[in-house]
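The next block is protein.pdb, given as PDB, C-alpha atoms.
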```pdb
MODEL        1
ATOM      1  CA  SER D 993     -52.429  59.850 -38.912
ATOM      2  CA  THR D 994     -56.208  59.762 -39.563
ATOM      3  CA  LEU D 995     -56.598  56.955 -37.020
ATOM      4  CA  ALA D 996     -54.760  58.965 -34.373
ATOM      5  CA  LEU D 997     -56.957  62.013 -34.996
ATOM      6  CA  ARG D 998     -60.088  59.878 -34.677
ATOM      7  CA  ARG D 999     -58.830  58.510 -31.359
ATOM      8  CA  ILE D1000     -58.161  62.003 -30.062
ATOM      9  CA  ALA D1001     -61.576  63.176 -31.216
ATOM     10  CA  SER D1002     -63.363  60.204 -29.636
ATOM     11  CA  ALA D1003     -61.513  60.740 -26.364
ATOM     12  CA  ILE D1004     -62.217  64.463 -26.197
ATOM     13  CA  ALA D1005     -65.737  64.685 -27.644
ATOM     14  CA  PRO D1006     -67.644  62.964 -24.739
ATOM     15  CA  LYS D1007     -65.879  65.130 -22.176
ATOM     16  CA  GLN D1008     -66.615  68.285 -24.175
ATOM     17  CA  SER D1009     -70.308  67.347 -24.132
ATOM     18  CA  LEU D1010     -70.076  66.757 -20.419
ATOM     19  CA  LEU D1011     -68.327  70.086 -19.998
ATOM     20  CA  ARG D1012     -71.069  71.940 -21.838
ATOM     21  CA  ALA D1013     -73.718  70.283 -19.665
ATOM     22  CA  THR D1014     -72.010  70.922 -16.327
ATOM     23  CA  SER D1015     -69.967  74.059 -16.905
ATOM     24  CA  MET D1016     -72.210  76.151 -14.659
ATOM     25  CA  ALA D1017     -72.351  73.609 -11.878
ATOM     26  CA  ALA D1018     -68.811  72.252 -11.955
ATOM     27  CA  PRO D1019     -66.077  74.773 -12.869
ATOM     28  CA  THR D1020     -63.354  72.161 -12.259
ATOM     29  CA  ALA D1021     -64.556  70.260 -15.342
ATOM     30  CA  HIS D1022     -62.517  72.679 -17.492
ATOM     31  CA  TYR D1023     -59.282  71.558 -15.850
ATOM     32  CA  HIS D1024     -60.252  67.889 -15.967
ATOM     33  CA  THR D1025     -61.099  68.024 -19.652
ATOM     34  CA  ALA D1026     -57.914  69.879 -20.563
ATOM     35  CA  LEU D1027     -55.829  67.443 -18.554
ATOM     36  CA  THR D1028     -57.461  64.437 -20.217
ATOM     37  CA  ALA D1029     -56.883  65.910 -23.690
ATOM     38  CA  THR D1030     -53.260  66.640 -22.850
ATOM     39  CA  GLN D1031     -52.729  63.126 -21.584
ATOM     40  CA  THR D1032     -54.300  61.694 -24.755
ATOM     41  CA  ALA D1033     -52.113  63.859 -27.012
ATOM     42  CA  ALA D1034     -49.038  62.896 -25.019
ATOM     43  CA  THR D1035     -49.853  59.236 -25.534
ATOM     44  CA  ILE D1036     -50.028  59.787 -29.316
ATOM     45  CA  ASN D1037     -46.718  61.701 -29.341
ATOM     46  CA  ILE D1038     -44.970  58.890 -27.514
ATOM     47  CA  ASN D1039     -45.915  56.584 -30.357
ATOM     48  CA  GLY D1040     -44.676  59.109 -32.953
ATOM     49  CA  PRO D1041     -41.050  57.973 -33.195
ATOM     50  CA  ARG D1042     -42.253  54.461 -33.973
ATOM     51  CA  SER D1043     -44.085  55.820 -37.004
ATOM     52  CA  PHE D1044     -40.997  57.755 -38.035
ATOM     53  CA  ALA D1045     -38.842  54.651 -37.672
ATOM     54  CA  THR D1046     -41.271  52.648 -39.797
ATOM     55  CA  ALA D1047     -41.305  55.354 -42.466
ATOM     56  CA  ALA D1048     -37.504  55.430 -42.506
ATOM     57  CA  ASN D1049     -37.331  51.648 -42.792
ATOM     58  CA  ASN D1050     -39.842  51.633 -45.628
ATOM     59  CA  LEU D1051     -37.986  54.366 -47.493
ATOM     60  CA  GLY D1052     -34.659  52.642 -46.925
ATOM     61  CA  SER D1053     -35.906  49.286 -48.194
ATOM     62  CA  ILE D1054     -37.327  50.810 -51.376
ATOM     63  CA  LEU D1055     -34.151  52.789 -52.037
ATOM     64  CA  GLN D1056     -32.076  49.645 -51.498
ATOM     65  CA  ARG D1057     -34.282  47.729 -53.917
ATOM     66  CA  GLU D1058     -33.722  50.378 -56.584
ATOM     67  CA  ILE D1059     -29.980  50.424 -55.897
ATOM     68  CA  ASN D1060     -29.796  46.643 -56.246
ATOM     69  CA  GLU D1061     -31.632  46.773 -59.573
ATOM     70  CA  GLU D1062     -29.280  49.426 -60.936
ATOM     71  CA  ASP D1063     -26.198  47.567 -59.672
ATOM     72  CA  GLU D1064     -27.397  44.363 -61.322
ATOM     73  CA  ALA D1065     -27.819  46.186 -64.624
ATOM     74  CA  ALA D1066     -24.361  47.768 -64.310
ATOM     75  CA  ALA D1067     -22.798  44.381 -63.517
ATOM     76  CA  GLU D1068     -23.194  43.461 -67.178
ATOM     77  CA  PHE D1069     -20.292  45.832 -67.902
ATOM     78  CA  ASN D1070     -18.460  45.250 -64.589
ATOM     79  CA  GLY D1071     -19.378  48.745 -63.475
ATOM     80  CA  GLN D1072     -17.588  50.292 -66.438
ATOM     81  CA  MET D1073     -18.820  52.233 -69.449
ATOM     82  CA  PRO D1074     -20.583  50.160 -72.117
ATOM     83  CA  PRO D1075     -18.047  49.021 -74.745
ATOM     84  CA  ASP D1076     -19.417  51.228 -77.531
ATOM     85  CA  LEU D1077     -19.271  54.308 -75.287
ATOM     86  CA  ALA D1078     -15.809  53.369 -73.997
ATOM     87  CA  GLU D1079     -14.521  53.119 -77.572
ATOM     88  CA  LEU D1080     -16.082  56.454 -78.508
ATOM     89  CA  HIS D1081     -14.699  58.033 -75.312
ATOM     90  CA  SER D1082     -11.204  56.904 -76.357
ATOM     91  CA  ASP D1083     -11.615  58.367 -79.844
ATOM     92  CA  ILE D1084     -12.881  61.703 -78.519
ATOM     93  CA  ALA D1085     -10.114  61.872 -75.887
ATOM     94  CA  ALA D1086      -7.540  61.849 -78.689
ATOM     95  CA  LYS D1087      -8.704  65.314 -79.787
ATOM     96  CA  TRP D1088     -10.424  66.679 -76.690
ATOM     97  CA  THR D1089      -9.571  66.896 -72.990
ATOM     98  CA  ILE D1090     -12.566  65.492 -71.093
ATOM     99  CA  LEU D1091     -13.215  66.841 -67.588
ATOM    100  CA  GLU D1092     -16.048  66.277 -65.123
ATOM    101  CA  GLY D1093     -17.189  69.106 -62.879
ATOM    102  CA  ILE D1094     -16.624  72.871 -63.018
ATOM    103  CA  SER D1095     -13.706  74.732 -61.441
ATOM    104  CA  GLY D1096     -14.894  76.719 -58.436
ATOM    105  CA  ILE D1097     -18.184  74.800 -58.182
ATOM    106  CA  GLY D1098     -17.924  71.761 -55.954
ATOM    107  CA  SER D1099     -14.783  69.705 -55.907
ATOM    108  CA  GLY D1100     -13.523  66.415 -57.220
ATOM    109  CA  GLY D1101     -15.546  63.557 -55.792
ATOM    110  CA  GLU D1102     -18.244  65.796 -54.287
ATOM    111  CA  THR D1103     -21.741  64.342 -54.582
ATOM    112  CA  GLY D1104     -23.256  65.453 -57.874
ATOM    113  CA  SER D1105     -20.067  67.093 -59.151
ATOM    114  CA  GLY D1106     -19.876  64.750 -62.149
ATOM    115  CA  ALA D1107     -23.176  65.942 -63.578
ATOM    116  CA  THR D1108     -21.456  68.684 -65.589
ATOM    117  CA  VAL D1109     -18.940  67.639 -68.246
ATOM    118  CA  ARG D1110     -16.465  69.866 -70.093
ATOM    119  CA  LEU D1111     -14.488  69.235 -73.249
ATOM    120  CA  PHE D1112     -11.523  71.345 -74.349
ATOM    121  CA  LYS D1113     -10.234  70.961 -77.890
ATOM    122  CA  LYS D1114      -6.519  70.180 -77.879
ATOM    123  CA  SER D1115      -5.867  72.129 -81.064
ATOM    124  CA  PRO D1116      -6.970  75.791 -81.389
ATOM    125  CA  GLY D1117      -9.293  77.113 -84.040
ATOM    126  CA  SER D1118      -7.990  78.497 -87.331
ATOM    127  CA  ASN D1119      -7.693  81.967 -85.774
ATOM    128  CA  GLY D1120      -6.018  80.689 -82.604
ATOM    129  CA  ALA D1121      -9.181  80.688 -80.502
ATOM    130  CA  LYS D1122      -9.627  78.194 -77.664
ATOM    131  CA  ILE D1123     -12.678  75.966 -78.119
ATOM    132  CA  GLY D1124     -14.622  74.271 -75.351
ATOM    133  CA  VAL D1125     -17.889  72.420 -74.796
ATOM    134  CA  VAL D1126     -19.979  72.077 -71.641
ATOM    135  CA  PHE D1127     -23.106  70.044 -70.959
ATOM    136  CA  HIS D1128     -25.122  68.843 -67.982
ATOM    137  CA  CYS D1129     -26.367  65.265 -67.858
ATOM    138  CA  GLN D1130     -29.902  66.381 -66.925
ATOM    139  CA  ASP D1131     -30.286  69.088 -69.559
ATOM    140  CA  THR D1132     -32.273  66.766 -71.818
ATOM    141  CA  GLU D1133     -35.734  66.539 -73.300
ATOM    142  CA  GLU D1134     -37.725  64.204 -75.509
ATOM    143  CA  ASP D1135     -36.656  64.740 -79.085
ATOM    144  CA  MET D1136     -40.095  65.231 -80.566
ATOM    145  CA  PRO D1137     -42.665  68.013 -80.809
ATOM    146  CA  PHE D1138     -45.759  67.521 -78.683
ATOM    147  CA  ASP D1139     -48.705  66.121 -80.613
ATOM    148  CA  GLU D1140     -51.933  65.517 -78.693
ATOM    149  CA  ASP D1141     -53.117  62.680 -80.955
ATOM    150  CA  ASP D1142     -49.778  60.901 -80.670
ATOM    151  CA  PHE D1143     -49.798  61.449 -76.924
ATOM    152  CA  LEU D1144     -53.250  59.934 -76.467
ATOM    153  CA  ALA D1145     -52.390  57.036 -78.734
ATOM    154  CA  GLY D1146     -49.212  56.477 -76.766
ATOM    155  CA  GLN D1147     -51.187  55.911 -73.586
ATOM    156  CA  GLU D1148     -52.552  52.720 -75.105
ATOM    157  CA  GLN D1149     -49.244  51.365 -76.350
ATOM    158  CA  ASP D1150     -47.348  48.575 -74.679
ATOM    159  CA  GLU D1151     -44.959  49.825 -71.999
ATOM    160  CA  SER D1152     -42.305  47.505 -73.375
ATOM    161  CA  GLU D1153     -41.778  49.771 -76.389
ATOM    162  CA  GLU D1154     -38.535  51.703 -76.564
ATOM    163  CA  GLU D1155     -38.340  55.066 -74.832
ATOM    164  CA  PRO D1156     -38.321  58.094 -77.137
ATOM    165  CA  SER D1157     -34.887  59.420 -78.050
ATOM    166  CA  GLN D1158     -33.506  62.278 -75.976
ATOM    167  CA  ALA D1159     -32.138  65.607 -77.140
ATOM    168  CA  VAL D1160     -29.258  67.159 -75.174
ATOM    169  CA  ARG D1161     -28.475  70.848 -74.840
ATOM    170  CA  PHE D1162     -24.848  71.947 -74.671
ATOM    171  CA  GLY D1163     -22.761  75.096 -74.907
ATOM    172  CA  VAL D1164     -19.814  75.721 -77.210
ATOM    173  CA  THR D1165     -17.316  78.376 -76.104
ATOM    174  CA  VAL D1166     -14.878  80.136 -78.441
ATOM    175  CA  SER D1167     -12.374  82.301 -76.530
ATOM    176  CA  LYS D1168      -9.774  84.781 -77.727
ATOM    177  CA  GLY D1169      -8.249  87.942 -76.317
ATOM    178  CA  GLY D1170     -10.155  87.784 -73.035
ATOM    179  CA  LYS D1171     -13.563  87.543 -74.766
ATOM    180  CA  THR D1172     -15.751  84.474 -75.304
ATOM    181  CA  VAL D1173     -18.579  83.704 -77.698
ATOM    182  CA  VAL D1174     -21.047  81.174 -76.300
ATOM    183  CA  LEU D1175     -23.129  79.209 -78.762
ATOM    184  CA  GLN D1176     -25.969  77.370 -77.019
ATOM    185  CA  CYS D1177     -26.743  74.258 -79.051
ATOM    186  CA  ARG D1178     -29.022  71.253 -79.125
ATOM    187  CA  CYS D1179     -28.211  67.748 -80.273
ATOM    188  CA  GLY D1180     -31.226  65.704 -81.332
ATOM    189  CA  GLY D1181     -31.592  61.967 -80.946
ATOM    190  CA  ASP D1182     -30.691  61.608 -84.618
ATOM    191  CA  GLY D1183     -27.380  63.427 -84.073
ATOM    192  CA  GLN D1184     -28.616  66.601 -85.764
ATOM    193  CA  ILE D1185     -27.030  69.725 -84.251
ATOM    194  CA  SER D1186     -28.798  73.060 -84.121
ATOM    195  CA  VAL D1187     -27.762  76.434 -82.675
ATOM    196  CA  GLU D1188     -30.319  78.085 -80.387
ATOM    197  CA  SER D1189     -28.594  81.266 -79.214
ATOM    198  CA  VAL D1190     -25.310  83.190 -79.418
ATOM    199  CA  THR D1191     -23.996  85.461 -76.663
ATOM    200  CA  VAL D1192     -20.726  87.325 -76.052
ATOM    201  CA  ARG D1193     -19.058  87.458 -72.618
ATOM    202  CA  ASP D1194     -15.912  88.872 -71.035
ATOM    203  CA  GLY D1195     -13.322  86.396 -69.848
ATOM    204  CA  GLU D1196     -11.794  83.152 -71.033
ATOM    205  CA  SER D1197     -13.812  79.972 -71.449
ATOM    206  CA  GLU D1198     -13.150  78.661 -67.914
ATOM    207  CA  GLY D1199     -14.727  81.689 -66.244
ATOM    208  CA  VAL D1200     -17.584  81.764 -68.729
ATOM    209  CA  LEU D1201     -18.300  78.063 -68.164
ATOM    210  CA  THR D1202     -18.435  78.707 -64.424
ATOM    211  CA  ALA D1203     -20.994  81.464 -64.994
ATOM    212  CA  LEU D1204     -23.058  79.205 -67.230
ATOM    213  CA  ALA D1205     -22.967  76.382 -64.689
ATOM    214  CA  GLY D1206     -24.020  78.864 -62.031
ATOM    215  CA  GLY D1207     -27.303  79.378 -63.843
ATOM    216  CA  GLU D1208     -26.895  82.417 -66.076
ATOM    217  CA  ASN D1209     -30.089  82.619 -68.096
ATOM    218  CA  LEU D1210     -32.568  85.045 -69.672
ATOM    219  CA  ASN D1211     -33.026  86.740 -66.296
ATOM    220  CA  ALA D1212     -29.351  87.762 -66.183
ATOM    221  CA  ALA D1213     -28.600  91.467 -66.365
ATOM    222  CA  LEU D1214     -26.299  91.181 -69.377
ATOM    223  CA  TYR D1215     -27.411  91.316 -72.989
ATOM    224  CA  GLN D1216     -28.348  87.828 -74.132
ATOM    225  CA  GLY D1217     -27.886  88.343 -77.845
ATOM    226  CA  PRO D1218     -30.648  88.581 -80.457
ATOM    227  CA  GLU D1219     -33.428  86.045 -80.916
ATOM    228  CA  PHE D1220     -31.578  83.503 -82.989
ATOM    229  CA  SER D1221     -34.638  82.497 -85.011
ATOM    230  CA  GLU D1222     -35.061  86.125 -86.091
ATOM    231  CA  LEU D1223     -31.609  86.350 -87.663
ATOM    232  CA  ALA D1224     -31.217  86.107 -91.432
ATOM    233  CA  GLU D1225     -31.450  82.476 -92.509
ATOM    234  CA  ASP D1226     -28.023  82.466 -94.099
ATOM    235  CA  LEU D1227     -26.557  83.887 -90.857
ATOM    236  CA  GLN D1228     -28.218  81.114 -88.848
ATOM    237  CA  GLU D1229     -26.827  78.530 -91.246
ATOM    238  CA  SER D1230     -23.355  80.071 -91.055
ATOM    239  CA  PHE D1231     -23.338  79.844 -87.251
ATOM    240  CA  GLN D1232     -24.372  76.209 -87.454
ATOM    241  CA  GLU D1233     -21.693  75.469 -90.042
ATOM    242  CA  TYR D1234     -19.117  77.196 -87.812
ATOM    243  CA  VAL D1235     -20.000  74.930 -84.874
ATOM    244  CA  VAL D1236     -19.586  71.797 -86.976
ATOM    245  CA  LYS D1237     -16.583  72.656 -89.149
ATOM    246  CA  GLU D1238     -14.576  75.221 -87.192
ATOM    247  CA  CYS D1239     -15.329  74.024 -83.656
ATOM    248  CA  GLY D1240     -15.194  70.359 -84.597
ATOM    249  CA  ILE D1241     -18.581  69.340 -83.224
ATOM    250  CA  ASP D1242     -19.007  66.557 -85.747
ATOM    251  CA  GLU D1243     -21.202  63.453 -85.634
ATOM    252  CA  ASP D1244     -18.819  61.629 -83.292
ATOM    253  CA  VAL D1245     -18.718  64.493 -80.787
ATOM    254  CA  ALA D1246     -22.509  64.858 -80.969
ATOM    255  CA  ALA D1247     -22.937  61.121 -80.361
ATOM    256  CA  PHE D1248     -20.508  61.284 -77.440
ATOM    257  CA  ILE D1249     -22.368  64.188 -75.832
ATOM    258  CA  SER D1250     -25.658  62.316 -76.090
ATOM    259  CA  MET D1251     -24.344  58.945 -74.899
ATOM    260  CA  TYR D1252     -22.103  60.320 -72.155
ATOM    261  CA  ALA D1253     -24.879  62.540 -70.781
ATOM    262  CA  ASP D1254     -27.071  59.441 -70.448
ATOM    263  CA  TYR D1255     -24.227  57.498 -68.809
ATOM    264  CA  ARG D1256     -23.378  60.270 -66.337
ATOM    265  CA  GLU D1257     -27.032  60.713 -65.407
ATOM    266  CA  GLN D1258     -27.227  57.014 -64.554
ATOM    267  CA  VAL D1259     -24.056  57.168 -62.444
ATOM    268  CA  GLU D1260     -25.243  60.278 -60.607
ATOM    269  CA  TYR D1261     -28.667  58.714 -60.019
ATOM    270  CA  VAL D1262     -27.151  55.695 -58.268
ATOM    271  CA  THR D1263     -24.826  57.921 -56.241
ATOM    272  CA  TRP D1264     -27.809  60.069 -55.268
ATOM    273  CA  MET D1265     -29.714  57.029 -53.977
ATOM    274  CA  LYS D1266     -26.738  55.633 -52.057
ATOM    275  CA  THR D1267     -26.065  59.001 -50.412
ATOM    276  CA  ALA D1268     -29.740  59.435 -49.537
ATOM    277  CA  ILE D1269     -30.031  55.979 -47.940
ATOM    278  CA  ASP D1270     -26.936  56.616 -45.801
ATOM    279  CA  ILE D1271     -28.576  59.750 -44.424
ATOM    280  CA  LEU D1272     -32.236  58.787 -44.195
ATOM    281  CA  ASP D1273     -32.250  55.105 -43.265
TER     282      ASP D1273
ENDMDL
END
```
Go ahead and render the structure in this file as structure tokens.
Amino acid sequence: STLALRRIASAIAPKQSLLRATSMAAPTAHYHTALTATQTAATININGPRSFATAANNLGSILQREINEEDEAAAEFNGQMPPDLAELHSDIAAKWTILEGISGIGSGGETGSGATVRLFKKSPGSNGAKIGVVFHCQDTEEDMPFDEDDFLAGQEQDESEEEPSQAVRFGVTVSKGGKTVVLQCRCGGDGQISVESVTVRDGESEGVLTALAGGENLNAALYQGPEFSELAEDLQESFQEYVVKECGIDEDVAAFISMYADYREQVEYVTWMKTAIDILD
């Protein structure tokens, strides 16, 4: 700490001055000064663990405070999903198989494994293709373009105002004959779905989802497909229509993705804090 450094400096500085004044006459002053400095440093190090213990206690108390606040908020629903989300979850589960986690990445119950959610449509597409959806609870962003004037004005607004709506990114997989088309999409806070990119991969949806969860991105060696915004407008619209009508990503599914991503992020956040406090406190 700054105080400790000042103490060391104040203890050493007078003896260094004395050393400079008597170095020619008293060679043993070198040893005496070094010994004194070592003793002073040792005294500070002995007190170190106390500082560490205090820091751990402080961190633990703050984490516990945050955990208590989140648990109190969750108590309103008895630790379950909010009723509107639970009802929507039931409706979606009638047509889609809902799974948390990714095969081959983590395991059931592993810390953080519920951050990724997969949906598999129970009925195939019109051409027999298997259809899946994957999203990560943290792959979100504010659903609004940045505007400097609005940003500056927002600094003066009351903090009690509602948070801006969040957009969620998700992938739609369409698999057939050992090949998979991946349509990377975005669901805005208003439920509007847009397609951002289209790629083609070898393998069925499960393997492709694993690759996506593993972080495949624009730095991957494989061809990433054309810039979607540069495609003919009618082609862009056709892809978007395909996602909604053929893949079944309707308003209910879009709402579920948005609401469930928010719910899973909250659950994972609390789990993250509880795991951290067990280790650090």
Inset, instruction - Could you tell me which residues the PyMOL selection byres ((chain D and resi 1239) around 12) grabs in this file, written as a PyMOL selection string? - result: chain D and resi 1087-1088+1111-1125+1163-1167+1173-1175+1231-1238+1240-1242+1245-1246
Expected file: the selected residues, C-alpha atoms, as an mmCIF file, in the frame of the given file:
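Written out: out-v8.cif:
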```
data_model
loop_
_atom_site.group_PDB
_atom_site.id
_atom_site.type_symbol
_atom_site.label_atom_id
_atom_site.label_comp_id
_atom_site.auth_asym_id
_atom_site.auth_seq_id
_atom_site.Cartn_x
_atom_site.Cartn_y
_atom_site.Cartn_z
ATOM 1 C CA LYS D 1087 -8.704 65.314 -79.787
ATOM 2 C CA TRP D 1088 -10.424 66.679 -76.690
ATOM 3 C CA LEU D 1111 -14.488 69.235 -73.249
ATOM 4 C CA PHE D 1112 -11.523 71.345 -74.349
ATOM 5 C CA LYS D 1113 -10.234 70.961 -77.890
ATOM 6 C CA LYS D 1114 -6.519 70.180 -77.879
ATOM 7 C CA SER D 1115 -5.867 72.129 -81.064
ATOM 8 C CA PRO D 1116 -6.970 75.791 -81.389
ATOM 9 C CA GLY D 1117 -9.293 77.113 -84.040
ATOM 10 C CA SER D 1118 -7.990 78.497 -87.331
ATOM 11 C CA ASN D 1119 -7.693 81.967 -85.774
ATOM 12 C CA GLY D 1120 -6.018 80.689 -82.604
ATOM 13 C CA ALA D 1121 -9.181 80.688 -80.502
ATOM 14 C CA LYS D 1122 -9.627 78.194 -77.664
ATOM 15 C CA ILE D 1123 -12.678 75.966 -78.119
ATOM 16 C CA GLY D 1124 -14.622 74.271 -75.351
ATOM 17 C CA VAL D 1125 -17.889 72.420 -74.796
ATOM 18 C CA GLY D 1163 -22.761 75.096 -74.907
ATOM 19 C CA VAL D 1164 -19.814 75.721 -77.210
ATOM 20 C CA THR D 1165 -17.316 78.376 -76.104
ATOM 21 C CA VAL D 1166 -14.878 80.136 -78.441
ATOM 22 C CA SER D 1167 -12.374 82.301 -76.530
ATOM 23 C CA VAL D 1173 -18.579 83.704 -77.698
ATOM 24 C CA VAL D 1174 -21.047 81.174 -76.300
ATOM 25 C CA LEU D 1175 -23.129 79.209 -78.762
ATOM 26 C CA PHE D 1231 -23.338 79.844 -87.251
ATOM 27 C CA GLN D 1232 -24.372 76.209 -87.454
ATOM 28 C CA GLU D 1233 -21.693 75.469 -90.042
ATOM 29 C CA TYR D 1234 -19.117 77.196 -87.812
ATOM 30 C CA VAL D 1235 -20.000 74.930 -84.874
ATOM 31 C CA VAL D 1236 -19.586 71.797 -86.976
ATOM 32 C CA LYS D 1237 -16.583 72.656 -89.149
ATOM 33 C CA GLU D 1238 -14.576 75.221 -87.192
ATOM 34 C CA GLY D 1240 -15.194 70.359 -84.597
ATOM 35 C CA ILE D 1241 -18.581 69.340 -83.224
ATOM 36 C CA ASP D 1242 -19.007 66.557 -85.747
ATOM 37 C CA VAL D 1245 -18.718 64.493 -80.787
ATOM 38 C CA ALA D 1246 -22.509 64.858 -80.969
#
```
Legend entry - Residues matched by the PyMOL selection byres ((chain D and resi 1188-1201) around 8), written as number ranges by chain: D: 1094-1095, 1122-1124, 1126, 1165-1178, 1186-1187, 1202-1205, 1215-1221
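Between CA of Val1259 (chain D) and CA of Ile1185 (chain D) the separation is 25.3 Å.
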Legend entry - Closest of D:Leu1080, D:Cys1179, D:Met1073, D:Ile1269 to Asp1131 (chain D) - atom-to-atom distances counting all atoms listed in the file: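 The answer is D:Cys1179, which sits nearest to Asp1131 (chain D).
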Legend entry - Gap from CA of Glu1079 (chain D) to CA of Asp1254 (chain D) - Å, one decimal: 15.8 Å
Name every residue that the PyMOL selection byres ((chain D and resi 1158) around 8) selects in this structure, writing the answer as a compact mmCIF listing (two decimals) with C-alpha atoms, in the frame of the given file with chains first and numbers rising.
```txt
# COMPACT_ATOMS: atom_id res chain seq x y z
CA THR D 1132 -32.27 66.77 -71.82
CA GLU D 1133 -35.73 66.54 -73.30
CA GLU D 1134 -37.72 64.20 -75.51
CA ASP D 1135 -36.66 64.74 -79.08
CA PRO D 1156 -38.32 58.09 -77.14
CA SER D 1157 -34.89 59.42 -78.05
CA ALA D 1159 -32.14 65.61 -77.14
CA VAL D 1160 -29.26 67.16 -75.17
CA GLY D 1180 -31.23 65.70 -81.33
CA GLY D 1181 -31.59 61.97 -80.95
CA SER D 1250 -25.66 62.32 -76.09
```
Inset, instruction - Figure out the distance between CA of Asp1063 (chain D) and CA of Pro1075 (chain D), please, to one decimal in Å. - result: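 Between CA of Pro1075 (chain D) and CA of Asp1063 (chain D) the gap works out to 17.2 Å.
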Legend entry - From D:Ala1047, D:Leu1223, D:Ile1059, D:Ala1213, residue lying nearest Ala1268 (chain D) [all atoms listed in the file]: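 Nearest candidate to Ala1268 (chain D) out of D:Ala1047, D:Leu1223, D:Ile1059, D:Ala1213: D:Ile1059.
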Legend entry - Shell around His1128 (chain D) at 7 Å using all atoms listed in the file, local window under 2 positions removed, as a PyMOL selection string: chain D and resi 1107-1109+1130-1131+1253
I'd like the contact shell of Asp1083 (chain D) - 12 Å cut-off, only C-alpha atoms, skipping same-chain residues fewer than 5 positions apart - returned as an mmCIF file with C-alpha atoms, in the frame of the given file.
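Dumped to selection.cif:
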```cif
data_model
loop_
_atom_site.group_PDB
_atom_site.id
_atom_site.type_symbol
_atom_site.label_atom_id
_atom_site.label_comp_id
_atom_site.auth_asym_id
_atom_site.auth_seq_id
_atom_site.Cartn_x
_atom_site.Cartn_y
_atom_site.Cartn_z
ATOM 1 C CA ASP D 1076 -19.417 51.228 -77.531
ATOM 2 C CA LEU D 1077 -19.271 54.308 -75.287
ATOM 3 C CA ALA D 1078 -15.809 53.369 -73.997
ATOM 4 C CA TRP D 1088 -10.424 66.679 -76.690
ATOM 5 C CA THR D 1089 -9.571 66.896 -72.990
ATOM 6 C CA ILE D 1090 -12.566 65.492 -71.093
ATOM 7 C CA ASP D 1244 -18.819 61.629 -83.292
ATOM 8 C CA VAL D 1245 -18.718 64.493 -80.787
ATOM 9 C CA ALA D 1247 -22.937 61.121 -80.361
ATOM 10 C CA PHE D 1248 -20.508 61.284 -77.440
#
```
